[in-house]
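Trainee: This one is model.pdb, PDB, C-alpha atoms.
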ATOM      1  CA  MET A   1       2.591  -5.608  -6.317
ATOM      2  CA  LEU A   2       2.617  -1.950  -5.225
ATOM      3  CA  ASP A   3       0.664  -0.951  -8.307
ATOM      4  CA  SER A   4      -2.040  -3.550  -7.638
ATOM      5  CA  VAL A   5      -2.398  -2.365  -4.013
ATOM      6  CA  LEU A   6      -2.816   1.271  -5.051
ATOM      7  CA  LYS A   7      -5.195   0.355  -7.879
ATOM      8  CA  PHE A   8      -7.261  -1.715  -5.429
ATOM      9  CA  PHE A   9      -7.524   1.175  -2.957
ATOM     10  CA  ALA A  10      -8.307   3.688  -5.716
ATOM     11  CA  ASP A  11     -11.131   1.476  -7.013
ATOM     12  CA  GLU A  12     -12.512   0.815  -3.519
ATOM     13  CA  VAL A  13     -12.494   4.470  -2.457
ATOM     14  CA  ASN A  14     -13.895   5.594  -5.830
ATOM     15  CA  GLY A  15     -16.797   3.174  -5.353
ATOM     16  CA  TYR A  16     -17.384   4.560  -1.877
ATOM     17  CA  LEU A  17     -17.278   8.161  -3.133
ATOM     18  CA  GLN A  18     -19.720   7.359  -5.932
ATOM     19  CA  SER A  19     -22.161   5.796  -3.462
ATOM     20  CA  ARG A  20     -21.911   8.784  -1.104
ATOM     21  CA  THR A  21     -21.952  11.649  -3.613
ATOM     22  CA  GLY A  22     -23.745  10.232  -6.645
ATOM     23  CA  VAL A  23     -20.933  11.576  -8.852
ATOM     24  CA  VAL A  24     -19.974   8.940 -11.440
ATOM     25  CA  ASP A  25     -16.545  10.391 -12.281
ATOM     26  CA  GLU A  26     -13.584   8.704 -10.658
ATOM     27  CA  LYS A  27     -12.151  11.193  -8.182
ATOM     28  CA  ILE A  28      -9.186   9.139  -6.965
ATOM     29  CA  ILE A  29      -6.376   8.865  -9.495
ATOM     30  CA  LEU A  30      -2.917   7.363  -9.167
ATOM     31  CA  SER A  31      -0.717  10.346  -9.803
ATOM     32  CA  ALA A  32       2.421  12.134  -8.775
ATOM     33  CA  ILE A  33       1.594  15.261  -6.818
ATOM     34  CA  VAL A  34       3.658  17.552  -9.044
ATOM     35  CA  ASP A  35       5.093  17.203 -12.538
ATOM     36  CA  GLU A  36       8.687  17.855 -13.607
ATOM     37  CA  ASN A  37       7.900  21.589 -14.012
ATOM     38  CA  GLY A  38       6.720  21.938 -10.402
ATOM     39  CA  LYS A  39       3.032  22.255 -11.319
ATOM     40  CA  TYR A  40       0.326  20.067  -9.837
ATOM     41  CA  ALA A  41       0.103  16.772 -11.721
ATOM     42  CA  ILE A  42      -3.301  16.086 -10.174
ATOM     43  CA  LYS A  43      -6.174  17.065 -12.446
ATOM     44  CA  ASP A  44      -8.547  19.757 -11.211
ATOM     45  CA  ASP A  45     -11.421  18.478  -9.084
ATOM     46  CA  SER A  46      -9.738  15.171  -8.300
ATOM     47  CA  ILE A  47      -7.669  13.499  -5.606
ATOM     48  CA  GLY A  48      -4.157  12.292  -6.271
ATOM     49  CA  MET A  49      -3.041   9.090  -4.593
ATOM     50  CA  TYR A  50       0.713   8.868  -4.208
ATOM     51  CA  ILE A  51       3.287   6.783  -2.288
ATOM     52  CA  ILE A  52       5.427   9.129  -0.210
ATOM     53  CA  ASN A  53       7.519   6.461   1.529
ATOM     54  CA  ILE A  54       8.236   2.742   1.635
ATOM     55  CA  GLU A  55       9.794   1.083   4.664
ATOM     56  CA  GLU A  56      10.710  -2.454   5.592
ATOM     57  CA  ASP A  57       8.850  -3.828   8.592
ATOM     58  CA  GLY A  58      11.728  -4.991  10.767
ATOM     59  CA  ALA A  59       9.518  -6.568  13.435
ATOM     60  CA  LEU A  60       8.540  -9.425  11.131
ATOM     61  CA  LYS A  61      11.819  -9.679   9.232
ATOM     62  CA  ASN A  62      12.741 -13.228   8.297
ATOM     63  CA  GLN A  63      16.460 -13.916   7.908
ATOM     64  CA  LEU A  64      16.320 -17.496   6.691
ATOM     65  CA  PRO A  65      15.505 -18.687   3.186
ATOM     66  CA  GLU A  66      12.253 -20.563   2.735
ATOM     67  CA  SER A  67      12.320 -24.172   1.602
ATOM     68  CA  THR A  68       9.549 -25.958  -0.213
ATOM     69  CA  TYR A  69       9.071 -29.146  -2.190
ATOM     70  CA  VAL A  70       8.021 -28.577  -5.821
ATOM     71  CA  ASN A  71       7.835 -31.270  -8.534
ATOM     72  CA  GLY A  72      10.189 -33.620  -6.725
ATOM     73  CA  GLN A  73      12.760 -30.893  -6.072
ATOM     74  CA  HIS A  74      13.731 -29.200  -2.841
ATOM     75  CA  VAL A  75      13.426 -25.510  -3.791
ATOM     76  CA  VAL A  76      14.946 -22.664  -1.771
ATOM     77  CA  LEU A  77      13.527 -19.132  -2.035
ATOM     78  CA  GLU A  78      15.005 -16.012  -0.511
ATOM     79  CA  PRO A  79      12.983 -14.718   2.455
ATOM     80  CA  ALA A  80      10.082 -12.397   1.730
ATOM     81  CA  VAL A  81      10.453  -8.679   2.385
ATOM     82  CA  ARG A  82       7.609  -7.233   4.433
ATOM     83  CA  LEU A  83       6.835  -3.616   3.644
ATOM     84  CA  ASN A  84       4.796  -0.728   4.913
ATOM     85  CA  ILE A  85       3.895   1.984   2.433
ATOM     86  CA  PHE A  86       2.834   5.511   3.232
ATOM     87  CA  VAL A  87       0.124   6.739   0.889
ATOM     88  CA  MET A  88      -0.953  10.360   0.551
ATOM     89  CA  PHE A  89      -4.348  11.450  -0.737
ATOM     90  CA  ALA A  90      -4.156  15.089  -1.878
ATOM     91  CA  ALA A  91      -7.305  16.917  -3.024
ATOM     92  CA  ASN A  92      -6.902  19.437  -5.863
ATOM     93  CA  PHE A  93     -10.279  21.182  -6.098
ATOM     94  CA  LYS A  94     -11.118  24.690  -7.284
ATOM     95  CA  HIS A  95     -13.358  25.123  -4.246
ATOM     96  CA  TYR A  96     -11.707  24.528  -0.879
ATOM     97  CA  ASP A  97     -14.915  23.237   0.721
ATOM     98  CA  GLN A  98     -15.157  20.499  -1.945
ATOM     99  CA  ALA A  99     -11.575  19.418  -1.203
ATOM    100  CA  LEU A 100     -12.415  19.170   2.494
ATOM    101  CA  LYS A 101     -15.607  17.241   1.739
ATOM    102  CA  TYR A 102     -13.734  14.594  -0.268
ATOM    103  CA  ILE A 103     -10.905  14.313   2.270
ATOM    104  CA  SER A 104     -13.614  13.768   4.911
ATOM    105  CA  TYR A 105     -15.080  10.941   2.828
ATOM    106  CA  ILE A 106     -11.653   9.314   2.595
ATOM    107  CA  LEU A 107     -11.274   9.590   6.371
ATOM    108  CA  THR A 108     -14.664   7.968   6.970
ATOM    109  CA  TYR A 109     -13.992   5.188   4.455
ATOM    110  CA  PHE A 110     -10.755   4.127   6.140
ATOM    111  CA  GLN A 111     -12.243   4.622   9.600
ATOM    112  CA  ALA A 112     -14.850   2.006   8.679
ATOM    113  CA  ASN A 113     -12.419  -0.207   6.721
ATOM    114  CA  ARG A 114      -9.042  -0.712   8.403
ATOM    115  CA  LEU A 115      -8.442  -4.398   7.687
ATOM    116  CA  PHE A 116      -8.540  -5.755   4.151
ATOM    117  CA  LEU A 117      -8.619  -9.509   3.553
ATOM    118  CA  PRO A 118      -8.885 -11.256   0.160
ATOM    119  CA  GLU A 119     -11.882 -13.245   1.423
ATOM    120  CA  LYS A 120     -13.812 -10.054   2.137
ATOM    121  CA  PHE A 121     -12.662  -7.966  -0.850
ATOM    122  CA  ALA A 122     -12.869  -9.939  -4.111
ATOM    123  CA  ALA A 123     -10.874  -7.336  -6.078
ATOM    124  CA  MET A 124      -7.880  -7.619  -3.746
ATOM    125  CA  ASP A 125      -4.750  -9.256  -5.159
ATOM    126  CA  LYS A 126      -4.835 -12.901  -3.989
ATOM    127  CA  ARG A 127      -1.079 -12.869  -3.366
ATOM    128  CA  LEU A 128      -1.675 -10.563  -0.397
ATOM    129  CA  GLU A 129      -2.531 -12.109   2.958
ATOM    130  CA  ARG A 130      -3.959  -8.889   4.362
ATOM    131  CA  LEU A 131      -3.578  -5.131   4.389
ATOM    132  CA  VAL A 132      -3.923  -2.977   7.477
ATOM    133  CA  VAL A 133      -4.516   0.762   7.036
ATOM    134  CA  ASP A 134      -3.591   3.229   9.790
ATOM    135  CA  PHE A 135      -4.114   6.996   9.804
ATOM    136  CA  GLN A 136      -0.880   8.942  10.200
ATOM    137  CA  ALA A 137      -1.213  12.086  12.308
ATOM    138  CA  LEU A 138       1.524  14.390  11.026
ATOM    139  CA  ASN A 139       2.700  17.405  12.978
ATOM    140  CA  TYR A 140       3.305  20.786  11.322
ATOM    141  CA  ASP A 141       7.009  20.133  10.739
ATOM    142  CA  GLN A 142       6.445  16.733   9.142
ATOM    143  CA  LEU A 143       3.691  18.093   6.915
ATOM    144  CA  ASN A 144       5.861  21.027   5.879
ATOM    145  CA  GLN A 145       8.785  18.729   5.082
ATOM    146  CA  ILE A 146       6.646  16.411   2.955
ATOM    147  CA  TRP A 147       5.202  19.245   0.884
ATOM    148  CA  ALA A 148       8.613  20.908   0.542
ATOM    149  CA  TYR A 149      10.108  17.585  -0.561
ATOM    150  CA  LEU A 150       7.312  17.168  -3.119
ATOM    151  CA  GLY A 151       7.990  20.701  -4.345
ATOM    152  CA  ALA A 152       4.420  21.948  -4.134
ATOM    153  CA  LYS A 153       2.199  24.203  -2.117
ATOM    154  CA  GLN A 154       0.107  22.323   0.385
ATOM    155  CA  LEU A 155      -3.247  20.896  -0.621
ATOM    156  CA  PRO A 156      -5.825  19.382   1.738
ATOM    157  CA  SER A 157      -4.440  15.905   2.266
ATOM    158  CA  VAL A 158      -4.312  12.855   4.477
ATOM    159  CA  VAL A 159      -1.615  10.183   4.890
ATOM    160  CA  TYR A 160      -2.126   6.499   5.694
ATOM    161  CA  ARG A 161       0.325   3.745   6.506
ATOM    162  CA  VAL A 162      -0.543   0.526   4.682
ATOM    163  CA  GLY A 163       1.098  -2.592   6.066
ATOM    164  CA  ILE A 164       2.055  -5.334   5.575
ATOM    165  CA  LEU A 165       2.858  -6.128   1.979
ATOM    166  CA  SER A 166       4.929  -9.228   1.549
ATOM    167  CA  ILE A 167       7.080  -9.194  -1.552
ATOM    168  CA  GLN A 168       8.993 -12.268  -2.619
ATOM    169  CA  ASP A 169      10.683 -13.084  -5.878
ATOM    170  CA  GLN A 170       9.617 -16.534  -6.981
ATOM    171  CA  ALA A 171      12.955 -17.145  -8.702
ATOM    172  CA  GLN A 172      14.624 -20.071  -7.041
ATOM    173  CA  SER A 173      17.925 -19.289  -5.374
ATOM    174  CA  ASP A 174      18.826 -22.946  -5.090
ATOM    175  CA  ILE A 175      17.470 -26.353  -6.127
ATOM    176  CA  ARG A 176      18.587 -29.402  -4.224
ATOM    177  CA  PRO A 177      17.769 -33.046  -4.747
ATOM    178  CA  PRO A 178      15.175 -34.429  -2.361
ATOM    179  CA  VAL A 179      16.237 -36.366   0.712
ATOM    180  CA  HIS A 180      15.453 -40.070   0.089
ATOM    181  CA  HIS A 181      17.026 -41.654   3.127
ATOM    182  CA  ILE A 182      18.757 -40.643   6.324
ATOM    183  CA  LYS A 183      21.776 -42.461   7.579
ATOM    184  CA  ALA A 184      22.467 -42.171  11.263
ATOM    185  CA  ASP A 185      25.375 -43.644  13.142
ATOM    186  CA  VAL A 186      24.725 -43.755  16.838
ATOM    187  CA  GLY A 187      27.851 -44.809  18.583
ATOM    188  CA  ALA A 188      28.188 -46.051  22.122
ATOM    189  CA  VAL A 189      29.309 -43.502  24.627
TER
END
What does this structure look like when you write it as structure tokens?
Mentor:
Amino acid sequence: MLDSVLKFFADEVNGYLQSRTGVVDEKIILSAIVDENGKYAIKDDSIGMYIINIEEDGALKNQLPESTYVNGQHVVLEPAVRLNIFVMFAANFKHYDQALKYISYILTYFQANRLFLPEKFAAMDKRLERLVVDFQALNYDQLNQIWAYLGAKQLPSVVYRVGILSIQDQAQSDIRPPVHHIKADVGAV
């Protein structure tokens, strides 16, 4: 599910960049920021898209299993986990002004497109109800910690919170026979 969300956003933003710049090369690539040797894993003149954090959305946390009726069976599924992911776009360009230009395009794309629904975006995974994208304003300390954690020198970048992904394993945790009749004994009080 995470891979399809990132692929969807990469394709959408690449289409936007192509329409704005006329450049046919895909600029957004799914990539780690640095490789195992501590060098940038993002190709020159491109923008790496990378998940820097995943968190559970506790506000909408469901504690109870879900029950449904499938093929004459009462099926119980574990509750879905609702997630927010934090996605970084980092621009690795030889010319600093080009990096800033592309980061600006990313900012304008998500300023104009904050809510993503499958009805509006045909390429969106149909298992997703919606995606909401919010800009994350990081202070100097947070930005420094992220880049230190990644093990790289800072590149022009922007971070967005994408919520809410709902992930649920479709494996049945329990199958029960259907209820055919209810017996009630109401006694006199």
Trainee: For the structure provided, state which residues fall under the PyMOL selection byres ((chain A and resi 49) around 6), and present them as an mmCIF file with C-alpha atoms, keeping the file's coordinate frame.
Mentor:
data_model
loop_
_atom_site.group_PDB
_atom_site.id
_atom_site.type_symbol
_atom_site.label_atom_id
_atom_site.label_comp_id
_atom_site.auth_asym_id
_atom_site.auth_seq_id
_atom_site.Cartn_x
_atom_site.Cartn_y
_atom_site.Cartn_z
ATOM 1 C CA ILE A 29 -6.376 8.865 -9.495
ATOM 2 C CA LEU A 30 -2.917 7.363 -9.167
ATOM 3 C CA SER A 31 -0.717 10.346 -9.803
ATOM 4 C CA GLY A 48 -4.157 12.292 -6.271
ATOM 5 C CA TYR A 50 0.713 8.868 -4.208
ATOM 6 C CA MET A 88 -0.953 10.360 0.551
ATOM 7 C CA PHE A 89 -4.348 11.450 -0.737
#
Trainee: I need the residue nearest Asn113 of chain A from this list: A:Phe135, A:Tyr96, A:Trp147, A:Tyr140. Use all atoms listed in the file for the distance.
Mentor: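 That would be A:Phe135, the residue with the smallest distance to Asn113 of chain A.
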Trainee: Interatomic distance between atom CA of Lys126 of chain A and atom CA of Val81 of chain A?
Mentor: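 Atom CA of Lys126 of chain A sits 17.1 Å away from atom CA of Val81 of chain A.
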Trainee: Evaluating the PyMOL selection byres ((chain A and resi 34) around 12) on the displayed file yields which residues, as a compact mmCIF listing (two decimals) with C-alpha atoms, in the frame of the given file?
Mentor:
# COMPACT_ATOMS: atom_id res chain seq x y z
CA SER A 31 -0.72 10.35 -9.80
CA ALA A 32 2.42 12.13 -8.78
CA ILE A 33 1.59 15.26 -6.82
CA ASP A 35 5.09 17.20 -12.54
CA GLU A 36 8.69 17.86 -13.61
CA ASN A 37 7.90 21.59 -14.01
CA GLY A 38 6.72 21.94 -10.40
CA LYS A 39 3.03 22.26 -11.32
CA TYR A 40 0.33 20.07 -9.84
CA ALA A 41 0.10 16.77 -11.72
CA ILE A 42 -3.30 16.09 -10.17
CA LYS A 43 -6.17 17.07 -12.45
CA GLY A 48 -4.16 12.29 -6.27
CA MET A 49 -3.04 9.09 -4.59
CA TYR A 50 0.71 8.87 -4.21
CA ALA A 90 -4.16 15.09 -1.88
CA ASN A 92 -6.90 19.44 -5.86
CA TRP A 147 5.20 19.24 0.88
CA ALA A 148 8.61 20.91 0.54
CA TYR A 149 10.11 17.58 -0.56
CA LEU A 150 7.31 17.17 -3.12
CA GLY A 151 7.99 20.70 -4.34
CA ALA A 152 4.42 21.95 -4.13
CA LYS A 153 2.20 24.20 -2.12
CA GLN A 154 0.11 22.32 0.38
CA LEU A 155 -3.25 20.90 -0.62
Trainee: At what distance in Å, to one decimal, does atom CA of Val132 of chain A lie from atom CA of Arg114 of chain A?
Mentor: 5.7 Å
Trainee: Let me make sure I understand: among A:Asn144, A:Asn139, A:Gln111, A:Ser104, which one has the smallest atom-to-atom distance to Arg20 of chain A if we use only C-alpha atoms?
Mentor: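 That would be A:Ser104, the residue with the smallest distance to Arg20 of chain A.
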Trainee: Selected by the PyMOL selection byres ((chain A and resi 99) around 9) in the shown coordinates: which residues, as a count of residues only?
Mentor: 20
Trainee: For the atom pair atom CA of Leu6 of chain A and atom CA of Leu77 of chain A, what is the interatomic distance in Å to one decimal place?
Mentor: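 Separation of atom CA of Leu6 of chain A and atom CA of Leu77 of chain A: 26.3 Å.
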Trainee: Around all of segment 83-93 of chain A's listed atoms, make the axis-aligned box with 3 Å on each side and tell me centre and edge lengths in Å to one decimal, as AutoDock Vina command-line options.
Mentor:
--center_x -1.7 --center_y 8.8 --center_z -0.6 --size_x 23.1 --size_y 30.8 --size_z 17.0
Trainee: Just the residues within 7 Å of Asn14 of chain A, please, counting all atoms listed in the file, with nothing from its chain fewer than 5 positions along; format it as number ranges by chain.
Mentor: A: 26-28
Trainee: What does the file look like for those residues with C-alpha atoms, as a PDB file, in the frame of the given file?
Mentor:
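selection.pdb written:
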ATOM      1  CA  GLU A  26     -13.584   8.704 -10.658  1.00  0.00           C
ATOM      2  CA  LYS A  27     -12.151  11.193  -8.182  1.00  0.00           C
ATOM      3  CA  ILE A  28      -9.186   9.139  -6.965  1.00  0.00           C
TER       4      ILE A  28
END
Trainee: Which of these residues is nearest to Ala123 of chain A, using all atoms listed in the file: A:Val5, A:Ile146, A:Leu107, A:Ala184?
Mentor: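 Once distances to Ala123 of chain A are computed over all atoms listed in the file, the minimum belongs to A:Val5.
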